[in-house]
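Chemist: Compact mmCIF, C-alpha atoms, file start-v3.txt:
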```txt
# COMPACT_ATOMS: atom_id res chain seq x y z
CA MET F 1 -16.89 16.16 15.46
CA PHE F 2 -13.51 14.96 16.73
CA GLY F 3 -12.94 16.12 20.29
CA GLY F 4 -9.55 16.57 21.94
CA LEU F 5 -7.75 17.74 18.80
CA GLU F 6 -7.11 21.25 20.14
CA VAL F 7 -4.04 20.11 22.04
CA LEU F 8 -2.34 18.97 18.83
CA ASP F 9 -2.02 22.49 17.43
CA GLU F 10 -0.12 23.57 20.53
CA ILE F 11 2.47 20.79 20.32
CA ARG F 12 5.90 21.43 18.84
CA LEU F 13 7.58 18.15 17.95
CA ASN F 14 11.25 17.41 18.60
CA PHE F 15 12.70 18.32 15.23
CA SER F 16 15.96 20.25 14.98
CA SER F 17 17.31 22.26 12.07
CA ASP F 18 19.86 19.49 11.48
CA SER F 19 17.03 16.97 11.28
CA LEU F 20 15.28 19.13 8.70
CA LYS F 21 18.46 19.32 6.59
CA LEU F 22 18.78 15.54 6.77
CA LEU F 23 15.15 15.10 5.72
CA ASN F 24 15.69 17.50 2.82
CA LEU F 25 18.73 15.56 1.64
CA THR F 26 16.91 12.24 2.04
CA LEU F 27 13.95 13.40 -0.03
CA ALA F 28 16.24 14.88 -2.70
CA PHE F 29 18.16 11.59 -2.88
CA ILE F 30 14.89 9.67 -3.27
CA MET F 31 13.85 12.01 -6.10
CA PHE F 32 17.22 11.48 -7.80
CA GLY F 33 16.66 7.71 -7.64
CA VAL F 34 13.17 8.08 -9.08
CA ALA F 35 14.51 10.19 -11.96
CA LEU F 36 16.88 7.42 -13.03
CA ASP F 37 13.81 5.56 -14.32
CA LEU F 38 12.34 8.57 -16.11
CA LYS F 39 13.14 8.50 -19.80
CA ILE F 40 11.54 10.73 -22.39
CA LEU F 41 10.33 7.66 -24.29
CA ARG F 42 8.34 6.62 -21.24
CA PHE F 43 6.12 9.64 -21.75
CA LYS F 44 4.86 8.26 -25.04
CA HIS F 45 1.98 6.91 -22.97
CA VAL F 46 0.82 10.48 -22.41
CA LEU F 47 0.53 11.02 -26.15
CA LEU F 48 -0.71 7.59 -27.18
CA ARG F 49 -3.30 7.22 -24.39
CA PRO F 50 -3.93 10.70 -22.98
CA LYS F 51 -7.32 9.82 -21.47
CA ALA F 52 -5.95 7.78 -18.57
CA THR F 53 -3.17 10.30 -17.93
CA ILE F 54 -5.56 13.26 -17.85
CA ILE F 55 -7.92 11.43 -15.49
CA GLY F 56 -5.02 10.53 -13.22
CA VAL F 57 -3.84 14.14 -13.03
CA LEU F 58 -7.39 15.41 -12.44
CA ALA F 59 -7.97 12.87 -9.66
CA GLN F 60 -4.75 13.83 -7.88
CA PHE F 61 -4.55 17.60 -8.24
CA ILE F 62 -8.18 18.70 -8.68
CA ILE F 63 -10.71 16.21 -7.32
CA MET F 64 -8.73 14.99 -4.30
CA PRO F 65 -8.06 18.50 -2.88
CA PHE F 66 -11.71 19.42 -3.48
CA PHE F 67 -13.00 16.35 -1.63
CA THR F 68 -10.50 17.05 1.15
CA PHE F 69 -11.96 20.53 1.54
CA LEU F 70 -15.46 19.06 1.78
CA LEU F 71 -14.26 16.55 4.38
CA VAL F 72 -12.67 19.33 6.42
CA ILE F 73 -15.94 21.25 6.40
CA LEU F 74 -17.87 18.13 7.41
CA ILE F 75 -15.72 16.98 10.34
CA ASN F 76 -14.65 20.47 11.45
CA PRO F 77 -11.24 19.62 13.01
CA THR F 78 -8.81 22.17 14.46
CA PRO F 79 -7.06 24.56 12.04
CA GLY F 80 -3.76 22.68 12.26
CA VAL F 81 -5.33 19.31 11.49
CA ALA F 82 -7.50 20.79 8.72
CA LEU F 83 -4.62 22.50 6.95
CA GLY F 84 -2.45 19.42 7.42
CA MET F 85 -5.09 17.44 5.53
CA ILE F 86 -5.24 20.07 2.79
CA LEU F 87 -1.44 20.14 2.47
CA VAL F 88 -1.19 16.35 2.17
CA ALA F 89 -3.90 16.40 -0.51
CA ALA F 90 -2.00 19.12 -2.38
CA CYS F 91 1.22 17.07 -2.49
CA PRO F 92 2.08 14.82 -5.46
CA GLY F 93 1.79 11.05 -5.31
CA GLY F 94 4.26 9.05 -3.29
CA ASN F 95 7.01 7.33 -5.25
CA ILE F 96 6.32 3.93 -3.71
CA SER F 97 3.17 3.96 -5.87
CA ASN F 98 5.21 2.60 -8.80
CA PHE F 99 6.13 -0.50 -6.83
CA MET F 100 2.57 -0.92 -5.57
CA THR F 101 1.18 -0.59 -9.09
CA ALA F 102 3.49 -3.30 -10.38
CA HIS F 103 2.54 -5.51 -7.42
CA ALA F 104 -1.16 -4.90 -8.17
CA LYS F 105 -0.72 -5.91 -11.85
CA GLY F 106 -1.54 -2.37 -12.86
CA ASN F 107 -0.17 -0.26 -15.70
CA THR F 108 3.38 0.47 -14.55
CA GLU F 109 4.17 2.69 -17.54
CA LEU F 110 1.16 4.85 -16.72
CA SER F 111 2.20 4.91 -13.06
CA VAL F 112 5.71 6.12 -13.89
CA SER F 113 4.32 8.74 -16.26
CA LEU F 114 1.85 10.00 -13.66
CA THR F 115 4.56 10.10 -10.99
CA ALA F 116 6.83 12.16 -13.23
CA ILE F 117 4.05 14.54 -14.25
CA ALA F 118 2.92 14.90 -10.64
CA ASP F 119 6.42 15.56 -9.31
CA PHE F 120 7.16 18.26 -11.89
CA SER F 121 3.65 19.76 -11.68
CA ALA F 122 3.82 19.86 -7.90
CA ILE F 123 6.40 22.67 -8.07
CA ILE F 124 3.48 24.92 -9.03
CA MET F 125 0.37 22.91 -8.17
CA THR F 126 1.18 22.15 -4.53
CA PRO F 127 1.64 25.80 -3.46
CA LEU F 128 -1.31 26.83 -5.65
CA ASN F 129 -3.64 24.15 -4.30
CA PHE F 130 -2.70 24.78 -0.69
CA ALA F 131 -3.06 28.54 -1.02
CA PHE F 132 -6.47 28.19 -2.70
CA TRP F 133 -8.08 25.53 -0.50
CA GLY F 134 -6.34 26.73 2.67
CA GLY F 135 -7.63 30.22 1.99
CA MET F 136 -11.11 28.84 1.27
CA TYR F 137 -11.03 27.03 4.59
CA ALA F 138 -10.09 30.18 6.50
CA ARG F 139 -12.76 32.26 4.79
CA PHE F 140 -15.44 29.59 5.21
CA TYR F 141 -15.05 29.52 8.97
CA ASN F 142 -14.33 33.24 9.18
CA ARG F 143 -11.72 32.73 11.86
CA ALA F 144 -8.47 33.47 10.08
CA SER F 145 -7.39 35.75 12.92
CA ASN F 146 -7.58 32.80 15.30
CA LEU F 147 -5.58 30.36 13.23
CA VAL F 148 -2.42 29.16 14.93
CA ILE F 149 -0.69 28.68 11.58
CA PRO F 150 -0.46 31.04 8.62
CA VAL F 151 -2.80 30.53 5.67
CA GLU F 152 -1.32 33.39 3.68
CA ILE F 153 2.03 31.66 3.42
CA ASP F 154 5.01 32.80 1.40
CA ALA F 155 4.21 31.11 -1.92
CA TRP F 156 7.71 31.81 -3.23
CA GLU F 157 9.25 30.14 -0.18
CA MET F 158 7.17 27.02 -0.76
CA MET F 159 7.99 27.05 -4.46
CA LYS F 160 11.72 27.36 -3.73
CA THR F 161 11.48 24.34 -1.48
CA MET F 162 9.66 22.40 -4.19
CA ILE F 163 12.28 23.31 -6.80
CA LEU F 164 15.15 22.29 -4.52
CA LEU F 165 13.58 19.01 -3.39
CA LEU F 166 11.80 17.92 -6.57
CA GLY F 167 12.82 19.90 -9.63
CA ILE F 168 16.60 19.90 -9.35
CA PRO F 169 17.05 16.24 -8.24
CA LEU F 170 14.67 15.06 -10.99
CA ILE F 171 16.51 16.99 -13.69
CA ILE F 172 19.93 15.87 -12.44
CA GLY F 173 18.75 12.26 -12.25
CA MET F 174 17.36 12.28 -15.79
CA LEU F 175 20.51 13.90 -17.18
CA PHE F 176 22.70 11.42 -15.29
CA ALA F 177 20.71 8.48 -16.66
CA LYS F 178 21.05 9.83 -20.20
CA GLN F 179 24.78 10.55 -19.98
CA PHE F 180 25.79 7.44 -18.04
CA PRO F 181 23.38 4.65 -19.00
CA LYS F 182 25.72 1.80 -18.01
CA ILE F 183 26.37 3.22 -14.54
CA THR F 184 22.67 3.96 -14.16
CA ALA F 185 21.79 0.35 -14.94
CA ILE F 186 24.12 -0.77 -12.15
CA ILE F 187 23.10 1.72 -9.45
CA ARG F 188 19.35 2.07 -10.18
CA LYS F 189 18.16 -0.81 -8.01
CA PRO F 190 20.66 -0.29 -5.14
CA ILE F 191 19.70 3.40 -4.94
CA LYS F 192 16.01 2.49 -4.67
CA ILE F 193 16.73 0.02 -1.90
CA LEU F 194 19.06 2.45 -0.14
CA SER F 195 16.50 5.25 -0.43
CA LEU F 196 13.84 3.09 1.19
CA ILE F 197 16.21 2.04 4.00
CA ILE F 198 17.38 5.61 4.68
CA PHE F 199 13.87 7.05 4.67
CA SER F 200 12.49 4.23 6.84
CA GLY F 201 15.35 4.70 9.28
CA TYR F 202 14.72 8.41 9.37
CA VAL F 203 11.01 7.92 10.08
CA ILE F 204 11.78 5.43 12.85
CA ALA F 205 14.29 7.81 14.45
CA ALA F 206 11.89 10.75 14.24
CA LEU F 207 9.10 8.61 15.70
CA ALA F 208 11.36 7.46 18.53
CA SER F 209 12.24 11.04 19.49
CA ASN F 210 8.53 11.93 19.59
CA PHE F 211 7.21 8.56 20.78
CA ASN F 212 5.40 9.91 23.83
CA HIS F 213 3.56 12.48 21.74
CA PHE F 214 2.66 9.82 19.19
CA ILE F 215 1.30 7.37 21.76
CA ASN F 216 -0.62 10.06 23.64
CA TYR F 217 -2.32 11.67 20.67
CA VAL F 218 -2.39 9.30 17.69
CA HIS F 219 -5.85 8.04 18.60
CA TYR F 220 -7.25 11.53 18.01
CA ILE F 221 -6.37 11.52 14.32
CA PHE F 222 -6.22 7.85 13.31
CA LEU F 223 -9.84 7.77 12.14
CA ILE F 224 -9.41 11.06 10.29
CA VAL F 225 -6.39 9.75 8.37
CA LEU F 226 -8.17 6.46 7.63
CA ILE F 227 -11.23 8.26 6.22
CA HIS F 228 -9.10 10.77 4.31
CA ASN F 229 -7.00 8.04 2.69
CA ALA F 230 -10.10 5.99 1.87
CA ILE F 231 -11.54 9.02 0.09
CA ALA F 232 -8.32 9.39 -1.89
CA LEU F 233 -8.39 5.75 -2.99
CA CYS F 234 -12.10 5.90 -3.81
CA THR F 235 -11.58 9.11 -5.80
CA GLY F 236 -9.08 7.47 -8.14
CA PHE F 237 -11.13 4.29 -8.42
CA SER F 238 -14.51 5.99 -8.99
CA LEU F 239 -13.24 8.52 -11.52
CA SER F 240 -11.51 5.76 -13.50
CA LYS F 241 -14.67 3.67 -13.48
CA ILE F 242 -16.86 6.60 -14.52
CA PHE F 243 -14.68 7.14 -17.59
CA LYS F 244 -14.57 3.37 -18.28
CA LEU F 245 -10.83 2.91 -18.19
CA LYS F 246 -9.26 -0.50 -18.52
CA LYS F 247 -8.84 -2.47 -15.33
CA ARG F 248 -5.06 -2.06 -15.24
CA ASP F 249 -5.47 1.71 -15.55
CA VAL F 250 -8.15 1.73 -12.84
CA ARG F 251 -5.78 0.01 -10.45
CA THR F 252 -2.98 2.39 -11.34
CA ILE F 253 -4.94 5.61 -10.87
CA THR F 254 -6.48 4.32 -7.64
CA ILE F 255 -3.04 3.74 -6.17
CA GLU F 256 -1.55 6.95 -7.57
CA THR F 257 -4.34 9.01 -5.99
CA GLY F 258 -4.24 7.18 -2.66
CA ILE F 259 -0.46 7.30 -2.14
CA GLN F 260 0.68 10.83 -1.30
CA ASN F 261 4.19 12.20 -0.81
CA SER F 262 3.78 12.80 2.92
CA GLY F 263 7.56 13.13 3.27
CA LEU F 264 7.37 16.28 1.18
CA ALA F 265 4.50 17.50 3.35
CA LEU F 266 6.65 17.03 6.46
CA VAL F 267 9.52 18.99 4.90
CA LEU F 268 7.15 21.90 4.21
CA ILE F 269 5.56 21.65 7.67
CA PHE F 270 8.91 21.78 9.49
CA ASN F 271 10.24 24.61 7.33
CA PRO F 272 10.68 27.50 9.83
CA ASN F 273 9.72 29.99 7.13
CA LEU F 274 6.40 28.25 6.48
CA PHE F 275 4.77 26.35 9.36
CA ASN F 276 7.61 25.70 11.80
CA GLY F 277 6.44 22.24 12.86
CA ILE F 278 2.84 22.83 13.95
CA GLY F 279 1.77 19.66 15.77
CA GLY F 280 -1.64 19.17 14.14
CA MET F 281 -0.19 19.38 10.63
CA ALA F 282 2.82 17.20 11.46
CA PHE F 283 0.72 14.48 13.08
CA ILE F 284 -1.54 14.24 10.03
CA ALA F 285 1.38 14.03 7.57
CA ALA F 286 3.34 11.55 9.70
CA LEU F 287 0.41 9.18 10.21
CA TRP F 288 -0.48 9.46 6.52
CA GLY F 289 3.05 8.33 5.72
CA ILE F 290 2.50 5.17 7.73
CA TRP F 291 -1.11 4.40 6.93
CA HIS F 292 -1.08 4.91 3.15
CA ILE F 293 1.64 2.27 2.86
CA VAL F 294 -0.44 -0.20 4.86
CA ALA F 295 -3.61 0.54 2.88
CA GLY F 296 -1.85 0.69 -0.49
CA LEU F 297 0.04 -2.57 -0.04
CA SER F 298 -3.11 -4.31 1.21
CA ILE F 299 -5.11 -3.27 -1.84
CA ALA F 300 -2.21 -4.04 -4.19
CA THR F 301 -1.86 -7.51 -2.67
CA LEU F 302 -5.58 -8.24 -3.06
CA TRP F 303 -5.47 -7.11 -6.70
CA SER F 304 -2.33 -9.15 -7.34
CA LEU F 305 -4.38 -12.27 -6.60
CA LYS F 306 -6.99 -11.40 -9.21
CA PRO F 307 -6.52 -11.71 -12.97
CA VAL F 308 -6.49 -8.62 -15.17
CA TYR F 309 -8.72 -8.55 -18.21
CA SER F 310 -8.76 -6.02 -21.00
CA LYS F 311 -11.68 -4.14 -19.46
```
Turn this file's structure into structure tokens for me.
Modeler:
Amino acid sequence: MFGGLEVLDEIRLNFSSDSLKLLNLTLAFIMFGVALDLKILRFKHVLLRPKATIIGVLAQFIIMPFFTFLLVILINPTPGVALGMILVAACPGGNISNFMTAHAKGNTELSVSLTAIADFSAIIMTPLNFAFWGGMYARFYNRASNLVIPVEIDAWEMMKTMILLLGIPLIIGMLFAKQFPKITAIIRKPIKILSLIIFSGYVIAALASNFNHFINYVHYIFLIVLIHNAIALCTGFSLSKIFKLKKRDVRTITIETGIQNSGLALVLIFNPNLFNGIGGMAFIAALWGIWHIVAGLSIATLWSLKPVYSK
């Protein structure tokens, strides 16, 4: 359906081992900053109103990967692009979703709870989802021997990466916030701002070093990313509406499902023991990282202009 994509799987982007280490540290630092806001009491929402939480988790880790698989079958892209889409769908929600939810007049407490649950669950769910749907993709097309990237990846290697980048920073951040509440209150906001600046700077630098590739090939995948992200947003919105959640919860789950941690996807893609920077996968994750912010902020801004009622 989308011609010209074959060249993407052959591209190896300019991304050194030092760059990967820097990206790992950046993502871990971001996770540490996120954890400073995660208090056990915040999870009371899970117990008091489990319906919205369960629907949010289902939308993100079950329905979204399933719809992504159907989309891959429908548009029939190259293996690299297809598995890049599946990997992004298997990742947890992006942490900027909390800010977007607050901007959209959504349920911030639910957003923080879903982010925490997603980040911890992703240690297991991301490798599991990718292995399952990636394997389904390979078997469906019966061309696993022709894939330019491995589908039968080292699950333990991916899980180790998830533990190092998500699990450990989250636990350290929560323990730090509990032991040093006064310091946490002072550094919480600066760390969030610094995290955003560092990550944005990193993305700009990485884009600059691969600018020619980006300009030459971005038009091949822009429509794919747009459709994929629209499906993610519609998945959260539709599922919330079907189960008749309150409007604030609908907004929250829509944003949580449509904002994916594409930075984590890039870390996994550039891991030499996993995918070693396959172009098709990297292009999908990188463009997702740009587009979901544009789409998410646009929707959040529109919702911020509308009043929120109880239903």
Chemist: Between CA of Ala131 in chain F and CA of Ile117 in chain F, what distance in Å does the model show, to one decimal?
Modeler: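 Distance reported for this atom pair: 20.5 Å.
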Chemist: Could you work out how far CA of Gly93 in chain F lies from CA of Pro190 in chain F, giving the answer in Å with one decimal?
Modeler: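 Computed distance, CA of Pro190 in chain F to CA of Gly93 in chain F, equals 22.0 Å.
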Chemist: Per residue of range 78-157 of chain F within 7 Å of range 162-175 of chain F, record the nearest atom pair and its distance in Å to one decimal, counting all atoms listed in the file, with rows in chain order and ascending residue number, as JSON lines.
Modeler:
```
{"residue": "F:Asp119", "atom": "CA", "partner": "F:Leu166", "partner_atom": "CA", "distance": 6.5}
{"residue": "F:Phe120", "atom": "CA", "partner": "F:Gly167", "partner_atom": "CA", "distance": 6.3}
{"residue": "F:Ile123", "atom": "CA", "partner": "F:Met162", "partner_atom": "CA", "distance": 5.1}
```
Chemist: Using C-alpha atoms, can you export the residues from the last selection as a PDB file, keeping the file's coordinate frame?
Modeler:
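Wrote selection_26.pdb, looks like this:
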```pdb
ATOM      1  CA  ASP F 119       6.420  15.560  -9.310  1.00  0.00           C
ATOM      2  CA  PHE F 120       7.160  18.260 -11.890  1.00  0.00           C
ATOM      3  CA  ILE F 123       6.400  22.670  -8.070  1.00  0.00           C
TER       4      ILE F 123
END
```
Chemist: In the coordinate frame of the file, compute which residues have an atom within 6 Å of (-9.3, 4.7, -11.3) when using all atoms listed in the file, and state them as a PyMOL selection string.
Modeler: chain F and resi 236-241+250-251+253-254
Chemist: With C-alpha atoms retained, write the just-selected residues as a CSV table (one decimal), in the frame of the given file.
Modeler:
```csv
chain,number,residue,atom,x,y,z
F,236,GLY,CA,-9.1,7.5,-8.1
F,237,PHE,CA,-11.1,4.3,-8.4
F,238,SER,CA,-14.5,6.0,-9.0
F,239,LEU,CA,-13.2,8.5,-11.5
F,240,SER,CA,-11.5,5.8,-13.5
F,241,LYS,CA,-14.7,3.7,-13.5
F,250,VAL,CA,-8.2,1.7,-12.8
F,251,ARG,CA,-5.8,0.0,-10.4
F,253,ILE,CA,-4.9,5.6,-10.9
F,254,THR,CA,-6.5,4.3,-7.6
```
Chemist: From the list F:Val225, F:Ile197, F:Ile183, F:Leu245, which residue is nearest Pro50 in chain F when using all atoms listed in the file?
Modeler: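 Closest to Pro50 in chain F of all the choices is F:Leu245.
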Chemist: Mind pulling up the distance from CA of Trp288 in chain F to CA of Gly94 in chain F?
Modeler: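 Those two atoms sit 10.9 Å apart.
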Chemist: Name the closest residue to Phe270 in chain F among the candidates F:Ala300, F:Ile186, F:Leu23, F:Leu110; distances are taken between atoms, counting all atoms listed in the file.
Modeler: F:Leu23
